[in-house]
$ cat data-v6.txt   # compact mmCIF, C-alpha atoms and all ligand atoms
# COMPACT_ATOMS: atom_id res chain seq x y z
CA MET E 1 -31.19 -79.77 -82.40
CA PRO E 2 -31.63 -76.11 -83.38
CA GLN E 3 -30.27 -74.84 -86.68
CA VAL E 4 -26.53 -74.26 -86.90
CA LEU E 5 -25.38 -70.61 -86.89
CA HIS E 6 -22.37 -71.16 -89.15
CA ASN E 7 -20.50 -68.24 -87.66
CA LEU E 8 -16.74 -68.65 -87.84
CA ARG E 9 -14.37 -68.25 -84.91
CA GLU E 10 -11.59 -65.70 -85.06
CA THR E 11 -8.24 -67.33 -85.79
CA PRO E 12 -6.47 -67.85 -82.45
CA SER E 13 -3.64 -65.44 -81.72
CA GLN E 14 -0.08 -66.53 -81.05
CA THR E 15 2.87 -64.50 -79.86
CA ALA E 16 4.80 -62.46 -82.42
CA GLY E 17 7.91 -64.12 -80.98
CA PRO E 18 11.44 -62.73 -80.86
CA TYR E 19 11.80 -62.39 -84.63
CA VAL E 20 8.72 -60.33 -85.53
CA HIS E 21 11.05 -57.75 -87.02
CA ILE E 22 12.11 -60.17 -89.77
CA GLY E 23 8.55 -60.25 -91.04
CA CYS E 24 7.32 -56.73 -90.32
CA THR E 25 10.43 -54.53 -90.47
CA PRO E 26 12.91 -56.71 -92.40
CA ASN E 27 15.11 -53.81 -93.48
CA PHE E 28 15.62 -52.93 -89.81
CA THR E 29 17.09 -56.42 -89.30
CA GLY E 30 19.40 -56.10 -92.29
CA ILE E 31 17.26 -57.97 -94.82
CA ASP E 32 17.19 -55.58 -97.75
CA ILE E 33 13.78 -56.08 -99.36
CA TYR E 34 10.49 -54.40 -100.39
CA GLY E 35 12.22 -51.06 -100.96
CA GLY E 36 11.90 -50.15 -97.27
CA ASP E 37 9.87 -50.98 -94.16
CA LEU E 38 6.15 -50.24 -94.02
CA GLY E 39 5.00 -47.68 -91.47
CA LYS E 40 8.41 -46.08 -91.01
CA CYS E 41 7.20 -42.76 -92.40
CA MET E 42 3.73 -41.42 -91.66
CA LYS E 43 4.10 -38.24 -93.72
CA THR E 44 4.36 -38.43 -97.49
CA GLY E 45 4.39 -34.66 -98.05
CA PRO E 46 3.51 -31.41 -96.28
CA VAL E 47 0.91 -32.22 -93.61
CA LYS E 48 -1.88 -30.22 -91.99
CA GLY E 49 -1.78 -29.45 -88.29
CA GLN E 50 0.84 -29.58 -85.57
CA GLU E 51 3.72 -31.94 -86.21
CA ILE E 52 4.76 -33.84 -83.11
CA THR E 53 7.22 -36.53 -82.02
CA ILE E 54 6.21 -39.36 -79.72
CA LYS E 55 8.87 -41.28 -77.84
CA GLY E 56 8.50 -44.09 -75.39
CA THR E 57 9.61 -47.45 -74.09
CA VAL E 58 7.72 -50.62 -73.27
CA PHE E 59 8.62 -52.07 -69.85
CA ASP E 60 7.96 -55.52 -68.42
CA GLY E 61 6.85 -56.23 -64.86
CA THR E 62 10.43 -56.05 -63.57
CA GLY E 63 10.98 -52.60 -65.11
CA THR E 64 13.18 -53.96 -67.89
CA PRO E 65 12.71 -52.35 -71.32
CA LEU E 66 11.50 -54.64 -74.10
CA ARG E 67 13.93 -54.67 -76.99
CA ASP E 68 12.04 -57.14 -79.14
CA ALA E 69 8.62 -55.49 -79.32
CA MET E 70 6.83 -54.08 -82.32
CA ILE E 71 4.63 -51.06 -81.75
CA GLU E 72 2.00 -49.85 -84.20
CA ILE E 73 -0.08 -46.70 -83.96
CA TRP E 74 -3.23 -45.65 -85.80
CA GLN E 75 -4.77 -42.22 -85.57
CA ALA E 76 -6.84 -39.53 -87.22
CA ASP E 77 -5.31 -36.56 -89.01
CA ALA E 78 -5.29 -33.03 -87.58
CA GLU E 79 -8.96 -32.60 -88.53
CA GLY E 80 -10.09 -35.86 -86.99
CA LEU E 81 -10.35 -37.84 -90.24
CA PHE E 82 -8.85 -41.29 -90.86
CA ASN E 83 -6.91 -42.11 -94.02
CA SER E 84 -8.92 -45.29 -94.59
CA PRO E 85 -11.49 -46.58 -97.10
CA GLU E 86 -13.75 -47.14 -94.08
CA GLU E 87 -13.76 -43.38 -93.37
CA THR E 88 -17.08 -42.04 -94.66
CA ARG E 89 -17.11 -38.52 -93.15
CA GLY E 90 -14.70 -36.87 -95.57
CA ASP E 91 -11.27 -37.05 -97.11
CA ALA E 92 -8.31 -37.21 -94.75
CA ASP E 93 -5.05 -35.34 -95.37
CA PRO E 94 -3.62 -37.26 -98.36
CA ASN E 95 -0.06 -36.63 -97.12
CA PHE E 96 -0.65 -38.30 -93.78
CA THR E 97 -1.06 -42.08 -93.54
CA GLY E 98 -2.22 -42.17 -89.91
CA TRP E 99 -0.42 -45.48 -89.43
CA GLY E 100 3.05 -45.96 -87.99
CA ARG E 101 5.11 -48.99 -87.05
CA SER E 102 8.27 -49.04 -84.95
CA PRO E 103 10.61 -51.91 -84.04
CA GLY E 104 12.10 -49.80 -81.25
CA ASP E 105 15.79 -49.08 -80.93
CA MET E 106 17.90 -52.24 -81.20
CA GLU E 107 19.80 -51.37 -77.98
CA THR E 108 17.37 -49.39 -75.82
CA GLY E 109 13.98 -50.47 -77.16
CA GLU E 110 12.84 -46.85 -77.41
CA PHE E 111 10.23 -46.22 -80.13
CA ILE E 112 9.84 -42.94 -81.97
CA PHE E 113 6.96 -41.76 -84.15
CA GLU E 114 7.08 -38.59 -86.21
CA THR E 115 3.41 -37.75 -86.58
CA VAL E 116 0.79 -35.01 -86.19
CA LYS E 117 -1.43 -34.20 -83.26
CA PRO E 118 -4.79 -35.82 -84.07
CA GLY E 119 -8.06 -33.92 -84.12
CA ALA E 120 -11.09 -34.97 -82.10
CA VAL E 121 -13.13 -37.94 -83.34
CA PRO E 122 -16.73 -38.69 -82.32
CA PHE E 123 -17.70 -41.64 -80.12
CA PRO E 124 -20.51 -43.87 -81.53
CA ASP E 125 -23.10 -41.82 -79.62
CA GLY E 126 -21.92 -38.55 -81.17
CA ARG E 127 -20.02 -37.10 -78.21
CA LEU E 128 -16.52 -35.96 -79.06
CA GLN E 129 -13.56 -38.01 -77.86
CA ALA E 130 -10.43 -36.28 -76.71
CA PRO E 131 -7.55 -36.39 -79.21
CA HIS E 132 -5.99 -39.82 -78.94
CA ILE E 133 -3.78 -42.33 -80.73
CA THR E 134 -4.38 -46.08 -80.75
CA PHE E 135 -1.36 -48.18 -79.78
CA TRP E 136 -0.97 -51.90 -80.50
CA VAL E 137 1.91 -53.75 -78.87
CA VAL E 138 3.17 -57.21 -79.76
CA ALA E 139 6.31 -59.03 -78.62
CA ARG E 140 7.73 -62.31 -77.43
CA GLY E 141 5.75 -63.33 -74.36
CA ILE E 142 2.62 -61.40 -75.39
CA ASN E 143 0.06 -64.00 -76.48
CA ILE E 144 -2.39 -61.58 -78.04
CA GLY E 145 -1.67 -58.02 -79.19
CA LEU E 146 -2.36 -55.37 -76.55
CA HIS E 147 -4.50 -52.34 -77.40
CA THR E 148 -4.05 -49.12 -75.52
CA ARG E 149 -4.50 -45.42 -76.21
CA LEU E 150 -2.34 -42.36 -75.91
CA TYR E 151 -4.12 -39.21 -74.73
CA PHE E 152 -2.39 -35.86 -74.28
CA GLU E 153 -1.74 -34.51 -70.80
CA ASP E 154 -2.06 -30.97 -72.20
CA GLU E 155 -5.65 -31.60 -73.36
CA ALA E 156 -7.07 -31.55 -69.84
CA ASP E 157 -10.49 -30.11 -70.78
CA ALA E 158 -11.05 -32.56 -73.62
CA ASN E 159 -9.81 -35.45 -71.47
CA ALA E 160 -12.21 -34.49 -68.67
CA ALA E 161 -15.14 -34.88 -71.10
CA ASP E 162 -13.87 -37.96 -72.97
CA PRO E 163 -16.48 -40.76 -73.09
CA ILE E 164 -13.89 -43.46 -72.44
CA LEU E 165 -11.69 -41.75 -69.86
CA THR E 166 -14.72 -40.74 -67.81
CA ARG E 167 -16.02 -44.30 -67.54
CA ILE E 168 -12.78 -45.73 -66.15
CA GLU E 169 -13.49 -46.93 -62.62
CA HIS E 170 -9.95 -46.48 -61.30
CA GLN E 171 -9.38 -42.82 -62.17
CA ASN E 172 -5.97 -42.99 -60.51
CA ARG E 173 -4.81 -45.16 -63.44
CA ILE E 174 -5.64 -42.53 -66.10
CA PRO E 175 -2.14 -41.00 -65.99
CA THR E 176 -0.90 -44.27 -67.54
CA LEU E 177 -2.68 -43.16 -70.73
CA LEU E 178 -1.35 -39.60 -70.78
CA ALA E 179 1.58 -38.54 -72.93
CA LYS E 180 3.67 -35.88 -71.23
CA SER E 181 5.02 -32.93 -73.15
CA GLU E 182 8.79 -32.59 -73.14
CA GLY E 183 8.65 -29.33 -75.07
CA SER E 184 9.16 -28.46 -78.76
CA GLY E 185 6.38 -30.80 -79.85
CA THR E 186 7.85 -33.92 -78.26
CA TYR E 187 5.76 -36.17 -76.05
CA ARG E 188 6.79 -39.17 -73.94
CA PHE E 189 4.50 -42.17 -73.66
CA ASP E 190 5.96 -45.14 -71.80
CA ILE E 191 4.00 -48.38 -71.64
CA HIS E 192 4.16 -50.63 -68.57
CA LEU E 193 2.93 -54.16 -69.21
CA GLN E 194 2.65 -55.01 -65.54
CA GLY E 195 3.23 -53.70 -62.04
CA ALA E 196 2.35 -50.64 -60.00
CA GLY E 197 2.09 -48.27 -62.98
CA GLU E 198 0.54 -50.85 -65.29
CA THR E 199 -0.86 -49.17 -68.39
CA ILE E 200 -4.58 -49.50 -68.99
CA PHE E 201 -5.19 -51.94 -71.84
CA PHE E 202 -8.46 -52.23 -73.68
CA ASP E 203 -10.64 -55.06 -74.85
CA ILE E 204 -11.92 -53.21 -77.85
CA MET K 205 -34.75 -48.66 -91.49
CA SER K 206 -31.73 -49.80 -93.40
CA LEU K 207 -29.08 -52.43 -92.83
CA LYS K 208 -25.74 -51.03 -91.79
CA GLN K 209 -22.47 -52.21 -90.35
CA GLY K 210 -22.34 -51.93 -86.59
CA GLY K 211 -19.30 -52.06 -84.37
CA TYR K 212 -16.97 -55.04 -84.24
CA ILE K 213 -18.20 -58.08 -82.34
CA PRO K 214 -16.21 -58.32 -79.09
CA ARG K 215 -13.28 -60.73 -79.09
CA ASP K 216 -14.09 -64.12 -77.60
CA ARG K 217 -11.61 -64.02 -74.73
CA GLY K 218 -12.65 -67.51 -73.68
CA TRP K 219 -11.34 -68.79 -77.01
CA GLN K 220 -8.29 -66.56 -77.43
CA PRO K 221 -5.27 -67.22 -75.20
CA ASP K 222 -4.90 -65.49 -71.84
CA ALA K 223 -1.99 -63.12 -71.26
CA PHE K 224 -0.60 -64.96 -68.22
CA THR K 225 0.45 -68.49 -69.22
CA PRO K 226 3.25 -69.69 -66.86
CA PRO K 227 4.44 -72.69 -68.95
CA TYR K 228 5.41 -70.07 -71.56
CA LYS K 229 7.80 -68.34 -69.17
CA THR K 230 8.27 -65.02 -70.97
CA SER K 231 4.56 -64.33 -70.57
CA VAL K 232 4.87 -64.18 -66.79
CA LYS K 233 6.39 -60.69 -66.59
CA ARG K 234 4.89 -59.43 -69.86
CA SER K 235 1.23 -60.02 -69.01
CA PRO K 236 -1.04 -57.25 -67.73
CA GLN K 237 -2.62 -58.20 -64.42
CA ALA K 238 -5.51 -55.75 -64.32
CA ALA K 239 -8.64 -56.66 -66.25
CA LEU K 240 -8.78 -55.29 -69.78
CA LEU K 241 -11.13 -52.35 -70.05
CA SER K 242 -14.04 -53.31 -72.32
CA MET K 243 -15.47 -50.72 -74.64
CA PRO K 244 -17.31 -50.61 -77.95
CA THR K 245 -15.27 -50.09 -81.06
CA THR K 246 -15.08 -46.50 -82.27
CA LEU K 247 -13.98 -44.98 -85.58
CA GLY K 248 -10.36 -45.54 -84.61
CA GLU K 249 -10.92 -49.30 -84.49
CA GLU K 250 -13.44 -49.52 -87.34
CA THR K 251 -11.05 -47.81 -89.76
CA GLY K 252 -7.53 -48.98 -90.45
CA PRO K 253 -4.66 -48.61 -92.85
CA VAL K 254 -5.24 -50.34 -96.16
CA PHE K 255 -2.38 -51.22 -98.46
CA GLY K 256 -2.75 -51.20 -102.23
CA HIS K 257 -1.73 -54.11 -104.43
CA ASP K 258 0.80 -51.71 -105.95
CA ILE K 259 3.08 -52.03 -102.91
CA ILE K 260 3.58 -55.73 -103.59
CA GLY K 261 6.57 -56.60 -105.77
CA ALA K 262 6.51 -59.59 -108.11
CA MET K 263 8.75 -61.64 -105.80
CA ASP K 264 7.31 -60.57 -102.46
CA ASN K 265 5.24 -63.75 -102.05
CA ASP K 266 8.02 -66.08 -103.19
CA LEU K 267 10.33 -66.81 -100.25
CA ILE K 268 12.17 -69.40 -102.34
CA HIS K 269 13.55 -66.62 -104.53
CA ASN K 270 13.00 -63.20 -102.95
CA PHE K 271 16.36 -63.23 -101.13
CA ALA K 272 18.24 -65.64 -103.40
CA ALA K 273 21.08 -64.74 -105.73
CA ASP K 274 20.22 -64.72 -109.42
CA GLY K 275 19.64 -68.26 -110.61
CA GLN K 276 19.74 -69.63 -107.05
CA SER K 277 16.95 -70.73 -104.73
CA ALA K 278 16.44 -71.50 -101.06
CA ILE K 279 17.16 -75.04 -99.85
CA GLY K 280 14.37 -77.15 -98.39
CA PRO K 281 11.09 -78.86 -99.22
CA ARG K 282 9.27 -76.56 -101.63
CA ILE K 283 5.77 -75.62 -100.49
CA ILE K 284 2.82 -73.46 -101.45
CA VAL K 285 0.79 -71.96 -98.61
CA HIS K 286 -2.60 -70.63 -99.60
CA GLY K 287 -5.96 -69.90 -98.08
CA VAL K 288 -8.87 -67.53 -97.72
CA VAL K 289 -9.27 -64.67 -95.28
CA LYS K 290 -12.86 -64.29 -94.07
CA ASP K 291 -14.60 -62.48 -91.25
CA GLU K 292 -16.61 -64.20 -88.52
CA SER K 293 -19.74 -64.02 -90.67
CA GLY K 294 -17.97 -65.90 -93.43
CA ARG K 295 -17.57 -62.93 -95.76
CA PRO K 296 -14.28 -62.84 -97.67
CA VAL K 297 -11.88 -60.03 -96.76
CA PRO K 298 -10.31 -58.61 -99.93
CA GLY K 299 -7.25 -56.38 -99.78
CA ALA K 300 -5.93 -57.86 -96.53
CA LEU K 301 -2.16 -57.48 -96.15
CA ILE K 302 -0.48 -60.67 -94.93
CA GLU K 303 3.15 -60.59 -93.83
CA VAL K 304 4.93 -63.86 -93.05
CA TRP K 305 8.26 -64.80 -91.51
CA GLN K 306 9.88 -68.12 -90.74
CA ALA K 307 13.05 -70.06 -90.02
CA ASN K 308 14.88 -71.80 -92.86
CA ALA K 309 14.72 -75.53 -93.52
CA GLY K 310 17.29 -76.10 -90.77
CA GLY K 311 15.26 -74.18 -88.18
CA ARG K 312 17.51 -71.10 -88.24
CA TYR K 313 16.31 -67.48 -88.44
CA ARG K 314 18.26 -64.75 -90.18
CA HIS K 315 18.58 -62.49 -87.13
CA LYS K 316 21.43 -60.96 -85.12
CA LYS K 317 20.00 -62.18 -81.82
CA GLU K 318 19.52 -65.77 -83.05
CA GLY K 319 21.99 -68.19 -81.45
CA TYR K 320 20.95 -71.60 -82.78
CA LEU K 321 23.83 -73.54 -84.32
CA GLY K 322 21.73 -74.51 -87.34
CA ALA K 323 23.23 -73.10 -90.54
CA LEU K 324 22.01 -70.03 -92.37
CA ASP K 325 20.96 -70.53 -95.98
CA PRO K 326 22.58 -67.72 -98.00
CA ASN K 327 19.63 -67.81 -100.38
CA PHE K 328 16.88 -67.55 -97.78
CA GLY K 329 15.80 -64.31 -96.08
CA GLY K 330 12.71 -65.66 -94.36
CA CYS K 331 10.06 -63.02 -95.01
CA GLY K 332 7.32 -62.50 -97.57
CA ARG K 333 4.03 -60.73 -98.05
CA ALA K 334 0.85 -60.86 -100.10
CA ILE K 335 -2.50 -59.07 -100.34
CA THR K 336 -5.76 -61.01 -100.65
CA ASP K 337 -7.62 -60.77 -103.97
CA GLU K 338 -11.29 -59.81 -104.46
CA THR K 339 -12.34 -63.24 -103.18
CA GLY K 340 -10.15 -63.08 -100.07
CA HIS K 341 -7.56 -65.57 -101.38
CA TYR K 342 -3.81 -65.35 -100.85
CA GLU K 343 -0.91 -67.57 -101.77
CA PHE K 344 2.81 -67.67 -101.26
CA ARG K 345 5.66 -70.03 -101.99
CA SER K 346 8.34 -71.01 -99.55
CA ILE K 347 10.36 -73.87 -98.18
CA GLN K 348 9.09 -75.86 -95.23
CA PRO K 349 10.73 -74.45 -92.09
CA GLY K 350 12.51 -76.77 -89.67
CA PRO K 351 11.68 -77.18 -85.96
CA TYR K 352 14.08 -75.41 -83.62
CA PRO K 353 15.06 -75.43 -79.96
CA TRP K 354 14.34 -72.40 -77.78
CA PRO K 355 15.18 -71.37 -74.24
CA ASN K 356 12.13 -72.00 -72.09
CA GLY K 357 12.36 -75.44 -70.55
CA LEU K 358 15.71 -77.18 -70.97
CA ASN K 359 14.56 -79.17 -73.98
CA ASP K 360 11.74 -77.25 -75.65
CA TRP K 361 11.41 -77.34 -79.43
CA ARG K 362 9.06 -75.32 -81.55
CA PRO K 363 7.02 -77.26 -84.08
CA ALA K 364 7.72 -76.17 -87.64
CA HIS K 365 5.73 -72.97 -88.10
CA ILE K 366 5.22 -69.84 -90.15
CA HIS K 367 4.41 -66.54 -88.43
CA PHE K 368 1.53 -64.52 -89.90
CA SER K 369 0.67 -60.84 -89.40
CA ILE K 370 -2.71 -59.86 -90.85
CA PHE K 371 -4.44 -56.52 -91.42
CA GLY K 372 -8.15 -56.45 -92.20
CA LEU K 373 -10.22 -53.36 -92.99
CA GLY K 374 -10.42 -52.12 -89.41
CA PHE K 375 -7.63 -51.85 -86.86
CA ALA K 376 -9.81 -53.93 -84.49
CA GLN K 377 -9.07 -56.91 -86.77
CA ARG K 378 -5.30 -56.67 -86.39
CA LEU K 379 -3.93 -60.13 -85.66
CA ILE K 380 -0.63 -62.00 -85.37
CA THR K 381 -0.56 -65.78 -85.26
CA GLN K 382 1.41 -68.85 -86.30
CA MET K 383 0.60 -71.64 -88.75
CA TYR K 384 1.60 -75.23 -87.97
CA PHE K 385 1.84 -78.24 -90.26
CA GLU K 386 -0.46 -81.25 -90.17
CA GLY K 387 1.09 -84.26 -88.48
CA ASP K 388 3.92 -82.48 -86.62
CA PRO K 389 4.51 -84.42 -83.36
CA HIS K 390 5.90 -81.26 -81.68
CA ILE K 391 2.53 -79.48 -81.77
CA PRO K 392 1.08 -81.03 -78.57
CA LEU K 393 4.43 -80.62 -76.74
CA CYS K 394 4.96 -76.90 -77.36
CA PRO K 395 4.30 -74.42 -74.50
CA ILE K 396 3.47 -71.68 -77.01
CA VAL K 397 0.87 -73.82 -78.76
CA GLY K 398 -0.18 -74.77 -75.23
CA VAL K 399 -1.39 -71.25 -74.42
CA LEU K 400 -4.38 -72.13 -76.60
CA LYS K 401 -7.29 -73.51 -74.63
CA SER K 402 -8.65 -76.35 -76.72
CA GLN K 403 -7.83 -78.96 -79.31
CA GLU K 404 -10.20 -77.03 -81.57
CA ALA K 405 -7.92 -73.99 -81.28
CA PHE K 406 -4.81 -76.11 -82.02
CA ASP K 407 -6.62 -77.44 -85.09
CA ALA K 408 -7.53 -73.92 -86.22
CA LEU K 409 -3.80 -73.17 -86.55
CA THR K 410 -2.83 -76.45 -88.20
CA ALA K 411 -2.68 -76.39 -91.98
CA PRO K 412 -3.58 -79.64 -93.75
CA LEU K 413 -1.69 -80.97 -96.73
CA ASP K 414 -3.72 -79.96 -99.79
CA MET K 415 -2.92 -82.38 -102.59
CA ASN K 416 -5.40 -80.64 -104.90
CA ARG K 417 -3.26 -77.52 -104.94
CA THR K 418 0.08 -79.33 -105.03
CA VAL K 419 2.06 -78.72 -108.21
CA PRO K 420 3.34 -82.07 -109.50
CA MET K 421 7.15 -82.34 -109.63
CA ASP K 422 7.43 -78.89 -108.01
CA ALA K 423 5.85 -78.08 -104.62
CA ARG K 424 3.44 -79.54 -102.09
CA ALA K 425 0.62 -77.31 -100.86
CA PHE K 426 -0.79 -76.56 -97.41
CA LYS K 427 -4.04 -74.69 -96.86
CA PHE K 428 -4.34 -72.12 -94.08
CA ASP K 429 -7.61 -70.22 -93.85
CA ILE K 430 -7.78 -67.20 -91.58
CA THR K 431 -10.78 -65.68 -89.81
CA LEU K 432 -10.74 -62.05 -88.68
CA ARG K 433 -13.24 -60.38 -86.37
CA GLY K 434 -16.57 -59.43 -87.91
CA ARG K 435 -18.97 -56.53 -87.47
CA ARG K 436 -22.52 -56.61 -86.28
CA GLN K 437 -25.11 -56.27 -89.01
CA THR K 438 -27.87 -54.14 -87.67
CA TYR K 439 -31.01 -52.37 -88.83
CA PHE K 440 -30.50 -48.69 -88.23
CA GLU K 441 -33.33 -46.85 -86.48
CA ASN K 442 -31.85 -43.35 -86.19
CA ARG K 443 -31.08 -44.09 -82.57
CA PRO K 444 -27.61 -43.54 -81.16
CA GLU K 445 -25.75 -46.71 -80.30
CA GLY K 446 -25.76 -47.38 -76.61
CA LEU K 447 -22.86 -48.56 -74.52
FE FE E 501 9.28 -68.72 -84.83

$ encode --input "data-v6.txt" --output "structure tokens" --more "lines below"
Ligand SMILES: [Fe+2]
Amino acid sequence: MPQVLHNLRETPSQTAGPYVHIGCTPNFTGIDIYGGDLGKCMKTGPVKGQEITIKGTVFDGTGTPLRDAMIEIWQADAEGLFNSPEETRGDADPNFTGWGRSPGDMETGEFIFETVKPGAVPFPDGRLQAPHITFWVVARGINIGLHTRLYFEDEADANAADPILTRIEHQNRIPTLLAKSEGSGTYRFDIHLQGAGETIFFDI
Amino acid sequence: MSLKQGGYIPRDRGWQPDAFTPPYKTSVKRSPQAALLSMPTTLGEETGPVFGHDIIGAMDNDLIHNFAADGQSAIGPRIIVHGVVKDESGRPVPGALIEVWQANAGGRYRHKKEGYLGALDPNFGGCGRAITDETGHYEFRSIQPGPYPWPNGLNDWRPAHIHFSIFGLGFAQRLITQMYFEGDPHIPLCPIVGVLKSQEAFDALTAPLDMNRTVPMDARAFKFDITLRGRRQTYFENRPEGL
């Protein structure tokens, strides 16, 4: 018998279930606690860069909107810096948390994030990535949280050089990652869990 | 050369549940069918939001009292749930935000879309949160939730469980799971538990009774340790990381 490695295994994931909002956005469900829901506001003061709004809906394989999902986003500030202790390249905008959480609209399921357009962030090999926002989706029926990314349709040059977008084999699926401008700083980013327009999800 | 933190170790998808698990019916139309696109973690996954201990109120980790009227408390078997959050290398994760939610002792959630005829407890909200200390430990107090029926098969019941949402230091570590209680006969019958692929995985989510932490004449204790993804430790040679 060789020596034992003693590495631990990641705790197995389980679905967030239909009542994730009780735990993660309790005030949204009418439980008045904690002085408000975490992640509701990403700006704590005047922020640097272009302020934008992101709207979208998560659809199942039948085209039905999910109304019990929780969507989280994580992104760099306008200069490409993360508001995180793990950020070692500089200090991010102190008025921008970079992290948002939405329970979606109770009736329509539409999520909305009031945020800023992120700056470019380097890939591990030093090449610049196109501006992007990490999305994490959990809901009833999703056994392990789904990671995807929002890129901006109006950043065509940066997208064409992005280290991740350029290595996607099925280039015809890239539009599933592109947020479309609706004018006045609003972008739409719908997520399709399954079907013809299935969003690209990452094992990251 | 110097030792540095590399990217996150890829998730073990052979251990974690698949997306498409037909006995859990809701997964059928909510599961991506294309293969996930594998890529190394980048700064966006290696960083993550971190929450200070200052956000946590004195009652946040006490579900027995955090929704109760003054002088009242939630009804049900009083329990302490505690444990350690570590990464896959066994290093404690300090500062990890843990959010929990659960049904009351009668198996009823406080939610508009909840239709179970079990009664609400006016003194029980069903959510709590804590942040791990320097040694990775957390603890909260609650009442033991009841099992409840759910629409999947005609007679499916969830084992008693507590939902956990956990943040580590990097967004790659983000995890949601459920804790079960040692000895619950519903565990092997449940289609949601059944998405796990091995008895070892069932066991990893089953908290044992911990008599050493039980407070006599007050509350029993259950221990639930959590493991988040870890990063590669690597000697740095001034060479860019490959794909
Ligand atoms: Fe539940």

$ closest_atom_pairs --input "data-v6.txt" --of "region 121-149 of chain E" --to "region 157-172 of chain E" --cutoff "7 Å" --atoms "all atoms listed in the file" --output "Markdown table"
| residue | atom | partner | partner_atom | distance |
| --- | --- | --- | --- | --- |
| E:Leu128 | CA | E:Asp162 | CA | 6.9 |
| E:Gln129 | CA | E:Asp162 | CA | 4.9 |
| E:Ala130 | CA | E:Ala158 | CA | 4.9 |

$ interface_residues --input "data-v6.txt" --of "chain E" --to "chain K" --cutoff "6 Å" --atoms "all atoms listed in the file" --output "PyMOL selection string"
chain E and resi 7-14+23+60-61+84+86+123+125+141-143+193-194+201-204

$ write_last_selection --input "data-v6.txt" --atoms "C-alpha atoms" --output "mmCIF file, keeping the file's coordinate frame"
data_model
loop_
_atom_site.group_PDB
_atom_site.id
_atom_site.type_symbol
_atom_site.label_atom_id
_atom_site.label_comp_id
_atom_site.auth_asym_id
_atom_site.auth_seq_id
_atom_site.Cartn_x
_atom_site.Cartn_y
_atom_site.Cartn_z
ATOM 1 C CA ASN E 7 -20.500 -68.240 -87.660
ATOM 2 C CA LEU E 8 -16.740 -68.650 -87.840
ATOM 3 C CA ARG E 9 -14.370 -68.250 -84.910
ATOM 4 C CA GLU E 10 -11.590 -65.700 -85.060
ATOM 5 C CA THR E 11 -8.240 -67.330 -85.790
ATOM 6 C CA PRO E 12 -6.470 -67.850 -82.450
ATOM 7 C CA SER E 13 -3.640 -65.440 -81.720
ATOM 8 C CA GLN E 14 -0.080 -66.530 -81.050
ATOM 9 C CA GLY E 23 8.550 -60.250 -91.040
ATOM 10 C CA ASP E 60 7.960 -55.520 -68.420
ATOM 11 C CA GLY E 61 6.850 -56.230 -64.860
ATOM 12 C CA SER E 84 -8.920 -45.290 -94.590
ATOM 13 C CA GLU E 86 -13.750 -47.140 -94.080
ATOM 14 C CA PHE E 123 -17.700 -41.640 -80.120
ATOM 15 C CA ASP E 125 -23.100 -41.820 -79.620
ATOM 16 C CA GLY E 141 5.750 -63.330 -74.360
ATOM 17 C CA ILE E 142 2.620 -61.400 -75.390
ATOM 18 C CA ASN E 143 0.060 -64.000 -76.480
ATOM 19 C CA LEU E 193 2.930 -54.160 -69.210
ATOM 20 C CA GLN E 194 2.650 -55.010 -65.540
ATOM 21 C CA PHE E 201 -5.190 -51.940 -71.840
ATOM 22 C CA PHE E 202 -8.460 -52.230 -73.680
ATOM 23 C CA ASP E 203 -10.640 -55.060 -74.850
ATOM 24 C CA ILE E 204 -11.920 -53.210 -77.850
#

$ residues_near_point --input "data-v6.txt" --point "(-3.7, -48.9, -68.5)" --cutoff "7 Å" --atoms "only C-alpha atoms" --output "NGL selection string"
:E and (173 or 176-177 or 198-201)

$ atom_distance --input "data-v6.txt" --atom1 "CA of Gly311 (chain K)" --atom2 "CA of Arg101 (chain E)"
27.2 Å

$ residues_around --input "data-v6.txt" --residues "Trp99 (chain E)" --least-positions-apart "3" --cutoff "7 Å" --atoms "only C-alpha atoms" --output "list in words"
Gly39, Met42, Ile73, Trp74 and Gln75 of chain E; Pro253 of chain K

$ atom_distance --input "data-v6.txt" --atom1 "CA of Asp190 (chain E)" --atom2 "CA of His21 (chain E)"
20.4 Å

$ closest_residue --input "data-v6.txt" --among "E:Pro2, E:Gly126, E:Gly17, E:Gly30" --to "ligand FE 501 (chain E)" --atoms "only C-alpha atoms and all ligand atoms"
E:Gly17

$ atom_distance --input "data-v6.txt" --atom1 "CA of Ile268 (chain K)" --atom2 "CA of Pro103 (chain E)"
25.4 Å

$ closest_residue --input "data-v6.txt" --among "E:Gln50, E:Arg140, E:Pro175, E:Pro118" --to "ligand FE 501 (chain E)" --atoms "all atoms listed in the file"
E:Arg140

$ closest_residue --input "data-v6.txt" --among "E:Thr15, E:Thr186, E:Gln3, E:Thr88" --to "ligand FE 501 (chain E)" --atoms "only C-alpha atoms and all ligand atoms"
E:Thr15

$ closest_residue --input "data-v6.txt" --among "E:Ala120, E:Ala156, E:Pro18, E:Glu182" --to "ligand FE 501 (chain E)" --atoms "all atoms listed in the file"
E:Pro18

$ closest_residue --input "data-v6.txt" --among "E:Ala139, E:Ile33, E:Ser181, E:Gly145" --to "ligand FE 501 (chain E)" --atoms "all atoms listed in the file"
E:Ala139

$ closest_residue --input "data-v6.txt" --among "K:Phe385, K:Phe428, K:Tyr342, K:Trp354" --to "ligand FE 501 (chain E)" --atoms "all atoms listed in the file"
K:Trp354

$ residues_near_point --input "data-v6.txt" --point "(5.2, -72.2, -100.9)" --cutoff "9 Å" --atoms "only C-alpha atoms" --output "list in words"
Asn265, Asp266, Leu267, Ile268, Arg282, Ile283, Ile284, Val285, His286, Glu343, Phe344, Arg345, Ser346, Ile347, Gln348, Ala423, Arg424, Ala425 and Phe426 of chain K
